[in-house]
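Student: Below: one structure in structure tokens.
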Amino acid sequence: MTSSPLRWGFLGCGRISSDFVSAMKSLDNVVFQACAARSLGSAQTFAKEHGINQAYDSYEALVSDPDVDVVYIGTLHPWHYEHTVLALNHDKHVLVEKPMAMNVAQATAAIALAREKNLFLMEGMWTRFFPAIRHVRQLLANKEIGDVHHVHAAFGVQFDADNARMWHNELGGGGLLDIGIYPLAFATMVFGAKPEKITSAGKLNDGGVDIFNSVTLEYSDSRFATVEYTMLATLDETVTISGSKGRIHLPTPAHTAMEVRVVKFLEDSTQNETKTLFPWPTPAAGVTFNYGGSEGFRYEL
């Protein structure tokens, strides 16, 4: 017996929403029911491009559609919380792009509302769902590299000065919410606990937007993570997890990982390295993406 297909509504018709819908086209058991933008023309163009049944010129109309089961929210960062609450209050399940909120208070309130209404709410932290990352989690659970002592993760992208979304606070700009969230999430994933101490050295621009940062997170038992992110330069986006018996390395691009390297320390003081490949999924015919690795959005589903 098969379940009924989920009927999706897409709140926001920008580039990230386009990539999400495009990735879904390689899946069965989904219906592209509706989309909404700030103008009807934009919504209609998006609907035509992606084969979506209904286009709306207001987000209220989208979440009021009785034929929508779950809402994907792909608007700009500062509106994620507002739109999440809007959808939940109309009894829709929600998958919201990261970050799900601009602060702890908003995130806590959204989670509480979803629990109160018995609705599904998830932040689209897609990295966790990639097969390569699932493999890393299993390696850690099996103690393949022994007791983990250190995590190093970095992500840097040179953003153009005219990219308003990244350089203005009122648009949710800054490196942390866009790229810094990934290396920090690796530290959280590996250690599974709150750090006991955080040391940070970074810089804000004149508008209060964080443009780079170097962070040390200290955990119990002398474990620690070092994380760097920057909006001023393109870095090798890698992750290295070091343990008592070896290390795990994710080469660029770590947040959409396609390869896992494991180095084990042998008794004769030599090392043995193995590599396992995890290619991105094959997209539907004719599909194009705005961002690298967007094929992997389908893993969230």
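In the structure tokens, each chain is lettered A, B, ... as it comes, each chain's residues begin at 1, and ligands are numbered from 1 in order of appearance.
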Find the spatial neighbours of stretch 165-167 of chain A, counting only C-alpha atoms, within a cut-off of 10 Å - ignore same-chain residues fewer than 5 positions away - and output them as a ChimeraX atom specification.
Tutor: /A:76-77,159-160,172-175,177-178,205,207-211,231
Student: Hey, what's within 10 Å of stretch 85-93 of chain A if we count only C-alpha atoms and toss same-chain stuff fewer than 5 positions away? As an NGL selection string, please?
Tutor: :A and (8-9 or 11 or 59-60 or 62-66 or 68-73 or 80 or 106 or 109-111 or 113-114 or 116-122)
Student: Export C-alpha atoms of the chosen residues as a short mmCIF file (atom, residue, chain, number, x, y, z; two decimals), in the first residue's frame?
Tutor:
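selection37.cif, freshly written:
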```cif
data_model
loop_
_atom_site.label_atom_id
_atom_site.label_comp_id
_atom_site.auth_asym_id
_atom_site.auth_seq_id
_atom_site.Cartn_x
_atom_site.Cartn_y
_atom_site.Cartn_z
CA TRP A 8 3.76 21.00 -1.71
CA GLY A 9 3.41 24.76 -1.58
CA LEU A 11 6.53 30.21 -0.31
CA TYR A 59 1.68 34.17 1.10
CA GLU A 60 -1.61 34.20 3.01
CA LEU A 62 -0.80 29.99 -0.34
CA VAL A 63 -1.08 28.81 3.26
CA SER A 64 -4.89 29.03 3.03
CA ASP A 65 -4.98 26.62 0.09
CA PRO A 66 -6.68 23.42 1.37
CA VAL A 68 -1.39 22.19 0.24
CA ASP A 69 -0.04 19.74 2.85
CA VAL A 70 3.46 21.09 3.46
CA VAL A 71 5.03 24.49 2.85
CA TYR A 72 8.63 25.03 1.79
CA ILE A 73 9.88 28.48 2.85
CA HIS A 80 11.76 32.85 7.92
CA GLN A 106 12.20 33.03 17.51
CA ALA A 109 8.70 29.98 19.72
CA ALA A 110 8.40 28.30 16.32
CA ILE A 111 9.24 24.88 17.75
CA LEU A 113 4.00 26.30 18.14
CA ALA A 114 4.68 23.26 15.95
CA GLU A 116 1.36 22.62 20.24
CA LYS A 117 -0.33 22.05 16.88
CA ASN A 118 1.26 18.62 16.33
CA LEU A 119 2.80 19.70 13.03
CA PHE A 120 6.10 18.82 11.37
CA LEU A 121 8.69 21.60 11.40
CA MET A 122 12.23 21.21 10.09
#
```
Student: Atom CA of A:Thr216 and atom CA of A:Thr108, how far apart in Å?
Tutor: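 Answer for the atom CA of A:Thr108 to atom CA of A:Thr216 separation: 25.2 Å.
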Student: For A:Asp67, list every protein, DNA or RNA residue within 12 Å, evaluated using only C-alpha atoms, and leave out those in the same chain fewer than 6 positions away; present the list as a list in words.
Tutor: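 Listing them by chain and then by number gives Pro5, Leu6, Arg7, Trp8, Gly9, Val31, Phe32, Gln33, Ala34, Cys35, Asn53, Gln54, Ala61, Asp91 and Lys92 of chain A.
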Student: Write out as a count of residues only each polymer residue whose atoms come within 10 Å of A:Glu144, counting only C-alpha atoms; drop sequence neighbours fewer than 6 positions from it.
Tutor: 11
Student: Applying 12 Å and only C-alpha atoms, which residues near A:Pro279 remain after dropping the ones on its own chain fewer than 3 positions away? List them as a compact mmCIF listing (two decimals) with C-alpha atoms, in the first residue's frame.
Tutor:
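Written out: selection_21.txt:
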```txt
# COMPACT_ATOMS: atom_id res chain seq x y z
CA PHE A 130 23.86 13.68 2.34
CA PRO A 131 24.93 10.01 2.17
CA ALA A 132 28.56 11.01 2.78
CA THR A 256 27.64 18.92 -0.07
CA ALA A 257 30.21 16.18 0.44
CA MET A 258 30.90 13.65 -2.30
CA GLU A 259 33.96 11.95 -0.78
CA VAL A 260 35.01 10.66 2.64
CA THR A 276 34.75 6.34 -0.40
CA THR A 282 21.21 12.27 -10.99
CA PRO A 283 18.73 15.11 -11.58
CA GLY A 293 25.27 20.55 -5.18
CA GLU A 295 20.87 18.01 -6.61
CA GLY A 296 21.24 17.00 -2.95
```
Student: Looking only at helix (DSSP H, G or I) from DSSP on the backbone, list the matching residues of stretch 129-259 of chain A as JSON, numbers by chain.
Tutor: {"A": [129, 131, 132, 133, 134, 135, 136, 137, 138, 139, 140, 141, 164, 165, 166, 167, 169, 170, 171, 175, 176, 177, 178, 179, 180, 181, 182, 183, 184, 185, 186, 187, 188, 189, 190, 191, 220, 221, 222, 254, 255, 256]}
Student: Just how far from atom CA of A:Gly124 is atom CA of A:Glu196, in Å to one decimal?
Tutor: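 So the two atoms, atom CA of A:Glu196 and atom CA of A:Gly124, lie 26.6 Å apart.
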Student: Taking the backbone alone, and naming residues the way the document does, which bits of stretch 6-255 of chain A are strand (DSSP E or B) by DSSP, as a PyMOL selection string?
Tutor: chain A and resi 6-11+30-36+54-56+70-73+93-97+121-124+148-156+197-204+210-218+224-230+239-243+246-250
Student: Keeping C-alpha atoms, export the residues of the selection given above as a short mmCIF file (atom, residue, chain, number, x, y, z; two decimals), in the first residue's frame.
Tutor:
```cif
data_model
loop_
_atom_site.label_atom_id
_atom_site.label_comp_id
_atom_site.auth_asym_id
_atom_site.auth_seq_id
_atom_site.Cartn_x
_atom_site.Cartn_y
_atom_site.Cartn_z
CA LEU A 6 2.56 15.06 -0.44
CA ARG A 7 1.18 18.25 -1.94
CA TRP A 8 3.76 21.00 -1.71
CA GLY A 9 3.41 24.76 -1.58
CA PHE A 10 6.45 26.94 -2.23
CA LEU A 11 6.53 30.21 -0.31
CA VAL A 30 5.21 14.54 -4.68
CA VAL A 31 2.77 17.08 -6.11
CA PHE A 32 3.76 20.65 -6.94
CA GLN A 33 0.51 22.20 -5.81
CA ALA A 34 1.12 25.94 -5.41
CA CYS A 35 3.65 28.74 -5.21
CA ALA A 36 3.48 32.33 -4.01
CA GLN A 54 -1.47 27.18 -8.81
CA ALA A 55 0.21 30.59 -8.47
CA TYR A 56 -0.65 33.14 -5.78
CA VAL A 70 3.46 21.09 3.46
CA VAL A 71 5.03 24.49 2.85
CA TYR A 72 8.63 25.03 1.79
CA ILE A 73 9.88 28.48 2.85
CA HIS A 93 3.69 21.29 7.93
CA VAL A 94 6.84 23.33 7.29
CA LEU A 95 10.30 22.85 5.81
CA VAL A 96 12.09 26.19 6.19
CA GLU A 97 15.46 27.08 4.73
CA LEU A 121 8.69 21.60 11.40
CA MET A 122 12.23 21.21 10.09
CA GLU A 123 15.10 23.54 9.33
CA GLY A 124 16.54 22.71 5.92
CA VAL A 148 37.56 12.32 18.79
CA HIS A 149 39.75 15.12 20.08
CA HIS A 150 39.50 17.88 17.48
CA VAL A 151 37.35 19.11 14.59
CA HIS A 152 38.54 21.69 12.08
CA ALA A 153 36.11 23.16 9.56
CA ALA A 154 36.28 26.15 7.22
CA PHE A 155 34.08 27.84 4.64
CA GLY A 156 34.89 31.01 2.72
CA LYS A 197 33.63 27.81 26.29
CA ILE A 198 33.56 29.80 23.05
CA THR A 199 36.33 32.14 21.92
CA SER A 200 35.72 34.26 18.85
CA ALA A 201 37.83 36.74 16.89
CA GLY A 202 36.17 38.38 13.91
CA LYS A 203 35.15 41.63 12.30
CA LEU A 204 31.94 43.56 11.64
CA ASP A 210 29.92 39.91 10.40
CA ILE A 211 32.37 39.53 7.52
CA PHE A 212 34.80 36.97 8.95
CA ASN A 213 35.34 35.02 12.12
CA SER A 214 37.65 32.48 13.72
CA VAL A 215 35.97 30.52 16.49
CA THR A 216 37.28 28.02 19.03
CA LEU A 217 34.73 25.84 20.80
CA GLU A 218 35.95 23.96 23.87
CA PHE A 224 37.76 21.27 20.88
CA ALA A 225 36.79 22.57 17.46
CA THR A 226 38.28 25.37 15.38
CA VAL A 227 36.03 27.00 12.82
CA GLU A 228 36.68 29.75 10.28
CA TYR A 229 34.44 31.51 7.83
CA THR A 230 34.85 34.60 5.67
CA VAL A 239 36.39 19.32 7.41
CA THR A 240 38.90 17.21 9.36
CA ILE A 241 37.88 15.14 12.38
CA SER A 242 40.86 13.92 14.39
CA GLY A 243 40.70 11.02 16.81
CA GLY A 246 42.91 8.17 12.97
CA ARG A 247 41.09 10.98 11.21
CA ILE A 248 38.22 11.59 8.83
CA HIS A 249 38.57 14.19 6.09
CA LEU A 250 35.91 15.74 3.87
#
```
Student: Would you mind reading off the distance between atom CA of A:Gly292 and atom CA of A:Trp280, one decimal, in Å?
Tutor: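 Result for atom CA of A:Gly292 versus atom CA of A:Trp280: 10.2 Å, one decimal.
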Student: From the options A:His83, A:Met125, A:Asn272, A:Ala107, which residue's atoms come nearest to A:Pro183, counting only C-alpha atoms?
Tutor: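 Smallest distance to A:Pro183 is found for A:Met125.
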